[in-house]
Amino acid sequence: RKSTIEWQRQRNLNFQSPLTELSLMGEFYIFGYETYEGSSVFSPYLTAGIAAFRFDPRTKFQGNIVRLQPLGTEGQGMAGFGNKYSLINGAITFGAGAKFKLSDRFNVSAEVVGRRAFTDYIDDVSTTYVSYEDMIQPDGNGMLAARLGNRMNEYFGQEEPLDIPTGAQRGGKSVRDYYFISTISVNVMLSDGKSGRSGRGGVKCPTF
């Protein structure tokens, strides 16, 4: 409903999904990062890595929250439509941030990191419609899958489902899903990797 494209509003699909992620990322400091006294308090960085995540798309229907993946809203599980997609998948992470030094041991960081997922089903939408009649056949996925696979009738205020033929475009499978996480964190420096002592700023050159 927030789209400026009319056919997307008419499609009338919506979702919410809890998402749990485990990621491994590295940071590259553009101007370096030092903790000793007199060093810069601002350190921008780039970050990238890999992630594994679990998701579970759901929607609200007639006052109830309904899990979408078990239904097979695009015919998954029916003959000729392939298996249901996995709720566990992976992603490539990429983004940028900056650390703001508070002391030689503490800093605050802010970052925005995007995830390019290896699935197109985080929102349960990827390929094509399955017609209402095909979905409610004895070997189909049932009435609830048919109602949630095609919700255009709700947009137009109609009780009966609209007749959309099997194979009509529902999503865009050529583009995988993305999601973004913005983070503000407080960090504690355990060791600078030089002196072996936490927060001591490393080995300084002697002065004479």
# chains A, B, ... in the order shown; residues from 1 in each chain; ligands from 1

call {"tool": "select_by_dssp", "arguments": {"residues": "region 13-204 of chain A", "states": "strand (DSSP E or B)", "output": "PyMOL selection string"}}
result
chain A and resi 16+19-29+42-55+58-61+64-67+88-101+106-117+128+169+178-188

call {"tool": "select_by_dssp", "arguments": {"residues": "region 2-205 of chain A", "states": "alpha helix (DSSP H)", "output": "ChimeraX atom specification"}}
result
/A:6-11,132-135,143-149,152-155

call {"tool": "atom_distance", "arguments": {"atom1": "CA of Thr20 (chain A)", "atom2": "CA of Tyr85 (chain A)"}}
result
16.9 Å

call {"tool": "residues_around", "arguments": {"residues": "Val130 (chain A)", "least_positions_apart": "3", "cutoff": "8 Å", "atoms": "only C-alpha atoms", "output": "list in words"}}
result
Thr73, Glu74, Gly75, Asp134, Met135, Ala146, Gly149, Ile164, Pro165, Thr166, Gly167 and Ala168 of chain A

call {"tool": "residues_around", "arguments": {"residues": "Glu6 (chain A)", "least_positions_apart": "5", "cutoff": "12 Å", "atoms": "only C-alpha atoms", "output": "list in words"}}
result
Arg1, Arg11, Asn12, Met152 and Tyr155 of chain A

call {"tool": "residues_around", "arguments": {"residues": "region 102-112 of chain A", "least_positions_apart": "6", "cutoff": "8 Å", "atoms": "only C-alpha atoms", "output": "list of chain:residue names"}}
result
A:Thr35, A:Tyr36, A:Glu37, A:Val41, A:Gly95, A:Ala96, A:Phe180, A:Ile181, A:Ser182, A:Thr183, A:Ile184, A:Ser185, A:Val186, A:Asn187, A:Val188, A:Met189, A:Leu190, A:Ser198, A:Gly199, A:Arg200, A:Gly201

call {"tool": "residues_around", "arguments": {"residues": "Ile92 (chain A)", "least_positions_apart": "6", "cutoff": "12 Å", "atoms": "only C-alpha atoms", "output": "mmCIF file with C-alpha atoms, in the first residue's frame"}}
result
data_model
loop_
_atom_site.group_PDB
_atom_site.id
_atom_site.type_symbol
_atom_site.label_atom_id
_atom_site.label_comp_id
_atom_site.auth_asym_id
_atom_site.auth_seq_id
_atom_site.Cartn_x
_atom_site.Cartn_y
_atom_site.Cartn_z
ATOM 1 C CA GLU A 21 21.405 -14.159 12.025
ATOM 2 C CA LEU A 22 24.903 -15.435 12.698
ATOM 3 C CA SER A 23 27.547 -13.487 10.798
ATOM 4 C CA LEU A 24 31.319 -13.287 10.440
ATOM 5 C CA MET A 25 32.565 -9.893 9.286
ATOM 6 C CA THR A 47 32.892 -3.980 6.601
ATOM 7 C CA ALA A 48 32.039 -7.171 4.713
ATOM 8 C CA GLY A 49 31.581 -10.843 5.405
ATOM 9 C CA ILE A 50 29.154 -13.746 5.293
ATOM 10 C CA ALA A 51 26.061 -14.615 7.273
ATOM 11 C CA ALA A 52 23.644 -17.462 7.907
ATOM 12 C CA PHE A 53 20.112 -16.628 8.958
ATOM 13 C CA VAL A 113 25.224 -3.158 6.865
ATOM 14 C CA GLY A 114 23.293 -4.638 3.953
ATOM 15 C CA ARG A 115 22.724 -8.319 3.383
ATOM 16 C CA ARG A 116 22.321 -9.766 -0.102
ATOM 17 C CA ALA A 117 20.461 -12.999 0.578
ATOM 18 C CA PHE A 118 20.762 -16.198 -1.445
ATOM 19 C CA THR A 119 16.964 -16.559 -1.345
ATOM 20 C CA ARG A 176 17.224 -11.870 -4.716
ATOM 21 C CA ASP A 177 16.125 -10.286 -1.460
ATOM 22 C CA TYR A 178 18.126 -7.740 0.529
ATOM 23 C CA TYR A 179 17.806 -6.666 4.128
ATOM 24 C CA PHE A 180 19.660 -4.041 6.154
#

call {"tool": "atom_distance", "arguments": {"atom1": "CA of Leu19 (chain A)", "atom2": "CA of Phe55 (chain A)"}}
result
4.5 Å

call {"tool": "decode", "arguments": {"residues": "region 94-128 of chain A", "atoms": "N, CA and C atoms", "output": "PDB file, in the first residue's frame"}}
result
ATOM      1  N   PHE A  94      27.733  -6.436   3.559  1.00  0.00           N
ATOM      2  CA  PHE A  94      28.582  -5.320   3.123  1.00  0.00           C
ATOM      3  C   PHE A  94      28.024  -4.029   3.701  1.00  0.00           C
ATOM      4  N   GLY A  95      28.907  -3.139   4.093  1.00  0.00           N
ATOM      5  CA  GLY A  95      28.428  -1.882   4.644  1.00  0.00           C
ATOM      6  C   GLY A  95      29.554  -0.991   5.112  1.00  0.00           C
ATOM      7  N   ALA A  96      29.209  -0.026   5.931  1.00  0.00           N
ATOM      8  CA  ALA A  96      30.186   0.944   6.413  1.00  0.00           C
ATOM      9  C   ALA A  96      29.750   1.455   7.778  1.00  0.00           C
ATOM     10  N   GLY A  97      30.721   1.989   8.496  1.00  0.00           N
ATOM     11  CA  GLY A  97      30.425   2.540   9.809  1.00  0.00           C
ATOM     12  C   GLY A  97      31.562   3.426  10.280  1.00  0.00           C
ATOM     13  N   ALA A  98      31.483   3.825  11.521  1.00  0.00           N
ATOM     14  CA  ALA A  98      32.535   4.659  12.110  1.00  0.00           C
ATOM     15  C   ALA A  98      32.574   4.421  13.611  1.00  0.00           C
ATOM     16  N   LYS A  99      33.786   4.460  14.154  1.00  0.00           N
ATOM     17  CA  LYS A  99      33.985   4.380  15.594  1.00  0.00           C
ATOM     18  C   LYS A  99      34.359   5.761  16.120  1.00  0.00           C
ATOM     19  N   PHE A 100      33.805   6.084  17.285  1.00  0.00           N
ATOM     20  CA  PHE A 100      34.091   7.343  17.953  1.00  0.00           C
ATOM     21  C   PHE A 100      34.745   7.007  19.297  1.00  0.00           C
ATOM     22  N   LYS A 101      36.013   7.344  19.417  1.00  0.00           N
ATOM     23  CA  LYS A 101      36.773   6.964  20.599  1.00  0.00           C
ATOM     24  C   LYS A 101      36.359   7.803  21.804  1.00  0.00           C
ATOM     25  N   LEU A 102      36.026   7.117  22.898  1.00  0.00           N
ATOM     26  CA  LEU A 102      35.706   7.780  24.154  1.00  0.00           C
ATOM     27  C   LEU A 102      36.907   7.823  25.084  1.00  0.00           C
ATOM     28  N   SER A 103      37.730   6.762  25.034  1.00  0.00           N
ATOM     29  CA  SER A 103      38.956   6.666  25.825  1.00  0.00           C
ATOM     30  C   SER A 103      39.827   5.622  25.167  1.00  0.00           C
ATOM     31  N   ASP A 104      40.955   5.279  25.793  1.00  0.00           N
ATOM     32  CA  ASP A 104      41.821   4.272  25.189  1.00  0.00           C
ATOM     33  C   ASP A 104      41.208   2.868  25.281  1.00  0.00           C
ATOM     34  N   ARG A 105      40.123   2.725  26.026  1.00  0.00           N
ATOM     35  CA  ARG A 105      39.487   1.405  26.157  1.00  0.00           C
ATOM     36  C   ARG A 105      38.084   1.350  25.572  1.00  0.00           C
ATOM     37  N   PHE A 106      37.394   2.466  25.494  1.00  0.00           N
ATOM     38  CA  PHE A 106      35.997   2.449  25.092  1.00  0.00           C
ATOM     39  C   PHE A 106      35.768   3.281  23.832  1.00  0.00           C
ATOM     40  N   ASN A 107      34.847   2.800  22.994  1.00  0.00           N
ATOM     41  CA  ASN A 107      34.417   3.574  21.840  1.00  0.00           C
ATOM     42  C   ASN A 107      32.954   3.264  21.540  1.00  0.00           C
ATOM     43  N   VAL A 108      32.333   4.167  20.810  1.00  0.00           N
ATOM     44  CA  VAL A 108      30.974   3.987  20.325  1.00  0.00           C
ATOM     45  C   VAL A 108      31.029   3.872  18.807  1.00  0.00           C
ATOM     46  N   SER A 109      30.322   2.900  18.259  1.00  0.00           N
ATOM     47  CA  SER A 109      30.318   2.736  16.807  1.00  0.00           C
ATOM     48  C   SER A 109      28.896   2.789  16.273  1.00  0.00           C
ATOM     49  N   ALA A 110      28.770   3.259  15.045  1.00  0.00           N
ATOM     50  CA  ALA A 110      27.499   3.276  14.327  1.00  0.00           C
ATOM     51  C   ALA A 110      27.750   2.728  12.930  1.00  0.00           C
ATOM     52  N   GLU A 111      26.884   1.836  12.478  1.00  0.00           N
ATOM     53  CA  GLU A 111      27.105   1.240  11.168  1.00  0.00           C
ATOM     54  C   GLU A 111      25.778   0.862  10.522  1.00  0.00           C
ATOM     55  N   VAL A 112      25.811   0.777   9.198  1.00  0.00           N
ATOM     56  CA  VAL A 112      24.692   0.275   8.400  1.00  0.00           C
ATOM     57  C   VAL A 112      25.259  -0.814   7.503  1.00  0.00           C
ATOM     58  N   VAL A 113      24.703  -2.018   7.613  1.00  0.00           N
ATOM     59  CA  VAL A 113      25.224  -3.158   6.865  1.00  0.00           C
ATOM     60  C   VAL A 113      24.087  -3.817   6.096  1.00  0.00           C
ATOM     61  N   GLY A 114      24.271  -3.955   4.795  1.00  0.00           N
ATOM     62  CA  GLY A 114      23.293  -4.638   3.953  1.00  0.00           C
ATOM     63  C   GLY A 114      23.613  -6.112   3.835  1.00  0.00           C
ATOM     64  N   ARG A 115      22.576  -6.879   3.605  1.00  0.00           N
ATOM     65  CA  ARG A 115      22.724  -8.319   3.383  1.00  0.00           C
ATOM     66  C   ARG A 115      22.080  -8.677   2.052  1.00  0.00           C
ATOM     67  N   ARG A 116      22.860  -9.260   1.158  1.00  0.00           N
ATOM     68  CA  ARG A 116      22.321  -9.766  -0.102  1.00  0.00           C
ATOM     69  C   ARG A 116      22.073 -11.255   0.108  1.00  0.00           C
ATOM     70  N   ALA A 117      20.813 -11.622   0.249  1.00  0.00           N
ATOM     71  CA  ALA A 117      20.461 -12.999   0.578  1.00  0.00           C
ATOM     72  C   ALA A 117      20.580 -13.908  -0.640  1.00  0.00           C
ATOM     73  N   PHE A 118      20.738 -15.200  -0.383  1.00  0.00           N
ATOM     74  CA  PHE A 118      20.762 -16.198  -1.445  1.00  0.00           C
ATOM     75  C   PHE A 118      19.367 -16.778  -1.690  1.00  0.00           C
ATOM     76  N   THR A 119      18.345 -16.147  -1.133  1.00  0.00           N
ATOM     77  CA  THR A 119      16.964 -16.559  -1.345  1.00  0.00           C
ATOM     78  C   THR A 119      16.138 -15.362  -1.784  1.00  0.00           C
ATOM     79  N   ASP A 120      15.046 -15.628  -2.465  1.00  0.00           N
ATOM     80  CA  ASP A 120      14.115 -14.571  -2.863  1.00  0.00           C
ATOM     81  C   ASP A 120      12.797 -14.699  -2.109  1.00  0.00           C
ATOM     82  N   TYR A 121      12.813 -15.448  -0.994  1.00  0.00           N
ATOM     83  CA  TYR A 121      11.559 -15.752  -0.311  1.00  0.00           C
ATOM     84  C   TYR A 121      11.459 -15.177   1.093  1.00  0.00           C
ATOM     85  N   ILE A 122      12.285 -14.204   1.456  1.00  0.00           N
ATOM     86  CA  ILE A 122      12.137 -13.603   2.786  1.00  0.00           C
ATOM     87  C   ILE A 122      10.735 -13.035   2.968  1.00  0.00           C
ATOM     88  N   ASP A 123      10.142 -12.539   1.881  1.00  0.00           N
ATOM     89  CA  ASP A 123       8.776 -12.001   1.926  1.00  0.00           C
ATOM     90  C   ASP A 123       7.746 -12.986   1.381  1.00  0.00           C
ATOM     91  N   ASP A 124       8.159 -14.233   1.095  1.00  0.00           N
ATOM     92  CA  ASP A 124       7.280 -15.277   0.556  1.00  0.00           C
ATOM     93  C   ASP A 124       6.812 -14.969  -0.868  1.00  0.00           C
ATOM     94  N   VAL A 125       7.449 -14.045  -1.550  1.00  0.00           N
ATOM     95  CA  VAL A 125       7.045 -13.675  -2.907  1.00  0.00           C
ATOM     96  C   VAL A 125       8.246 -13.794  -3.830  1.00  0.00           C
ATOM     97  N   SER A 126       8.106 -14.578  -4.919  1.00  0.00           N
ATOM     98  CA  SER A 126       9.235 -14.695  -5.830  1.00  0.00           C
ATOM     99  C   SER A 126       8.835 -14.904  -7.285  1.00  0.00           C
ATOM    100  N   THR A 127       7.920 -15.825  -7.558  1.00  0.00           N
ATOM    101  CA  THR A 127       7.724 -16.228  -8.954  1.00  0.00           C
ATOM    102  C   THR A 127       6.352 -15.835  -9.487  1.00  0.00           C
ATOM    103  N   THR A 128       5.436 -16.803  -9.596  1.00  0.00           N
ATOM    104  CA  THR A 128       4.172 -16.575 -10.286  1.00  0.00           C
ATOM    105  C   THR A 128       2.980 -17.024  -9.435  1.00  0.00           C
TER     106      THR A 128
END
